[in-house]
Amino acid sequence: FTTFGYGYFEEIPAAYVLKYLDFQTTMNFLHFNLWTWKDGTQSIWESLDQHLKNPARLNCNVTKVERKDGKVYVHCNGDVEEYDKIIVTAPLFVPAGRTDGLKGMVDYFDAREDEKELFSKIDYERYDVQAVETKSEDQPKCSYYMWGNITSDRVGRMMIYYRRWADTLDQVLTTYALRKHRNCEEIPYEVVRKNVHEDLETCHSPASRVVNEWSTYYFPHVFTEDYAAGWYDKVEAMQGKYDTFYAGEVMSYGDMDETAEYSRELVERFF
């Protein structure tokens, strides 16, 4: 759970853990019944989009959304479009300090006070991934969990490195690290990058080249006290209140099937 980027047990509500590690997923891990999509998960949604009556519109720069008089007005690519309802699957809240320009719903909607108050409680994991090459003689035989680095007192260290294909000698290794715990300052990316390379050397698989690297705000969630105080009950009670419905990761869970499952249930419930 932690190595897959979902946070440390002492800061994450148990309900999220149980949501992720359901019976089927747990059995797959126990029996090593794991597989990946040949062309990546992006290909699933591209194929699905080709079969939709109304395919997804891409490259829509939404700058403002106004809700008034029972209508929703979306300012998109310089035009104003009118709708009866809107379903938001984009991030509801983005923490301050993000450098990639992504905004949360409360930043460009005419957000109401209850929306601002509830969505400001959403936090993210800071999850860093590197794809590295090693020399042939330094290739590990399999993937490894770094058990000593999975607890929060070792935040910012490599938690796992992943060798995808057992029958291929020279391949990239993928490393994963968290760099934030709610009780400590966010560790700068460059520090974590250096830590990961030190850990690779400790494992006798030093990186000869970084092929790709990715730092992301991952797994939107609320903390235990807000979960226990009924955050989800309060947001669900707001569904449709402002001709607005809320879906996306935070309303279900930060993986693909749970998010799709929730979206389908939302449409069946209200439409």
# chains A, B, ... in the order shown; residues from 1 in each chain; ligands from 1
call {"tool": "residues_around", "arguments": {"residues": "Val235 of chain A", "least_positions_apart": "5", "cutoff": "10 Å", "atoms": "only C-alpha atoms", "output": "PyMOL selection string"}}
result
chain A and resi 114-115+118-119+230+245-246+251
call {"tool": "select_by_dssp", "arguments": {"residues": "segment 38-146 of chain A", "states": "alpha helix (DSSP H)", "output": "number ranges by chain"}}
result
A: 42-49, 105-108, 113-119
call {"tool": "write_last_selection", "arguments": {"atoms": "N, CA, C and O atoms", "output": "compact mmCIF listing (two decimals), in the first residue's frame"}}
result
# COMPACT_ATOMS: atom_id res chain seq x y z
N GLN A 42 -3.53 3.86 -20.93
CA GLN A 42 -4.04 4.93 -21.78
C GLN A 42 -4.79 4.36 -22.99
O GLN A 42 -5.79 4.92 -23.45
N SER A 43 -4.30 3.22 -23.50
CA SER A 43 -4.92 2.62 -24.69
C SER A 43 -6.36 2.19 -24.42
O SER A 43 -7.18 2.16 -25.35
N ILE A 44 -6.67 1.83 -23.17
CA ILE A 44 -8.03 1.41 -22.83
C ILE A 44 -9.00 2.56 -23.07
O ILE A 44 -10.05 2.41 -23.71
N TRP A 45 -8.63 3.74 -22.58
CA TRP A 45 -9.54 4.88 -22.65
C TRP A 45 -9.59 5.46 -24.06
O TRP A 45 -10.63 5.98 -24.50
N GLU A 46 -8.50 5.37 -24.80
CA GLU A 46 -8.53 5.80 -26.19
C GLU A 46 -9.46 4.89 -27.01
O GLU A 46 -10.21 5.38 -27.87
N SER A 47 -9.41 3.60 -26.75
CA SER A 47 -10.29 2.67 -27.45
C SER A 47 -11.75 2.89 -27.06
O SER A 47 -12.65 2.88 -27.91
N LEU A 48 -11.99 3.09 -25.76
CA LEU A 48 -13.35 3.36 -25.30
C LEU A 48 -13.90 4.62 -25.95
O LEU A 48 -15.06 4.67 -26.40
N ASP A 49 -13.07 5.65 -26.03
CA ASP A 49 -13.51 6.94 -26.58
C ASP A 49 -13.99 6.80 -28.03
O ASP A 49 -14.90 7.49 -28.46
N MET A 105 -10.77 22.77 -8.64
CA MET A 105 -12.09 23.29 -8.97
C MET A 105 -12.37 24.61 -8.28
O MET A 105 -12.93 25.53 -8.88
N VAL A 106 -11.98 24.73 -7.02
CA VAL A 106 -12.30 25.94 -6.26
C VAL A 106 -11.57 27.17 -6.80
O VAL A 106 -11.91 28.30 -6.46
N ASP A 107 -10.58 26.96 -7.67
CA ASP A 107 -9.81 28.09 -8.21
C ASP A 107 -10.47 28.73 -9.42
O ASP A 107 -10.23 29.91 -9.70
N TYR A 108 -11.29 27.99 -10.17
CA TYR A 108 -11.86 28.58 -11.38
C TYR A 108 -13.39 28.48 -11.44
O TYR A 108 -14.02 29.04 -12.33
N GLU A 113 -19.03 28.56 -0.20
CA GLU A 113 -18.25 28.42 1.03
C GLU A 113 -18.17 26.97 1.49
O GLU A 113 -17.14 26.53 2.00
N ASP A 114 -19.26 26.20 1.34
CA ASP A 114 -19.20 24.80 1.78
C ASP A 114 -18.26 24.00 0.88
O ASP A 114 -17.54 23.10 1.35
N GLU A 115 -18.21 24.32 -0.41
CA GLU A 115 -17.26 23.65 -1.30
C GLU A 115 -15.82 23.98 -0.90
O GLU A 115 -14.97 23.10 -0.81
N LYS A 116 -15.55 25.25 -0.68
CA LYS A 116 -14.20 25.66 -0.29
C LYS A 116 -13.77 25.00 1.01
O LYS A 116 -12.64 24.50 1.13
N GLU A 117 -14.67 24.97 1.98
CA GLU A 117 -14.32 24.43 3.29
C GLU A 117 -14.04 22.95 3.22
O GLU A 117 -13.05 22.45 3.77
N LEU A 118 -14.88 22.20 2.53
CA LEU A 118 -14.70 20.74 2.44
C LEU A 118 -13.51 20.36 1.57
O LEU A 118 -12.69 19.52 1.94
N PHE A 119 -13.39 20.99 0.41
CA PHE A 119 -12.36 20.57 -0.53
C PHE A 119 -10.97 21.01 -0.09
O PHE A 119 -9.97 20.42 -0.51
call {"tool": "residues_around", "arguments": {"residues": "Lys180 of chain A", "least_positions_apart": "6", "cutoff": "8 Å", "atoms": "only C-alpha atoms", "output": "NGL selection string"}}
result
:A and (125-126 or 155-156 or 186-187)
call {"tool": "residues_around", "arguments": {"residues": "Glu213 of chain A", "least_positions_apart": "2", "cutoff": "10 Å", "atoms": "only C-alpha atoms", "output": "list in words"}}
result
Asp128, Val129, Gln130, Ala131, Val132, Thr174, Thr175, Arg193, Val210, Val211 and Ser215 of chain A
call {"tool": "atom_distance", "arguments": {"atom1": "atom CA of Lys141 of chain A", "atom2": "atom CA of Thr3 of chain A"}}
result
19.5 Å
call {"tool": "atom_distance", "arguments": {"atom1": "atom CA of Ser208 of chain A", "atom2": "atom CA of Asp138 of chain A"}}
result
9.8 Å
call {"tool": "residues_around", "arguments": {"residues": "Glu258 of chain A", "least_positions_apart": "6", "cutoff": "12 Å", "atoms": "only C-alpha atoms", "output": "number ranges by chain"}}
result
A: 16, 19-22, 25, 247-252, 264-265
call {"tool": "select_by_dssp", "arguments": {"residues": "segment 50-222 of chain A", "states": "strand (DSSP E or B)", "output": "ChimeraX atom specification"}}
result
/A:62-68,71-76,79-83,86-88,109,123-133,144-145,160-162,173-178,209-221
call {"tool": "atom_distance", "arguments": {"atom1": "atom CA of Arg112 of chain A", "atom2": "atom CA of Cys76 of chain A"}}
result
20.9 Å
call {"tool": "closest_residue", "arguments": {"among": "A:Leu173, A:Ile150, A:Ile87, A:Ala15", "to": "Ser263 of chain A", "atoms": "only C-alpha atoms"}}
result
A:Ile87
call {"tool": "residues_around", "arguments": {"residues": "Ile122 of chain A", "least_positions_apart": "3", "cutoff": "8 Å", "atoms": "only C-alpha atoms", "output": "ChimeraX atom specification"}}
result
/A:93,118-119,220-223
call {"tool": "closest_residue", "arguments": {"among": "A:Ala207, A:Cys142, A:Ala14, A:Ile86", "to": "Phe271 of chain A", "atoms": "only C-alpha atoms"}}
result
A:Ile86
call {"tool": "residues_around", "arguments": {"residues": "Glu10 of chain A", "least_positions_apart": "4", "cutoff": "10 Å", "atoms": "only C-alpha atoms", "output": "list in words"}}
result
Ala14, Thr151, Ser152, His181, Arg182, Phe223 and Thr224 of chain A
call {"tool": "closest_residue", "arguments": {"among": "A:Tyr73, A:Tyr232, A:Tyr124, A:Tyr83", "to": "Thr216 of chain A", "atoms": "only C-alpha atoms"}}
result
A:Tyr124
call {"tool": "closest_residue", "arguments": {"among": "A:Thr89, A:Asn183, A:Gln139, A:Asn149", "to": "Thr168 of chain A", "atoms": "only C-alpha atoms"}}
result
A:Gln139
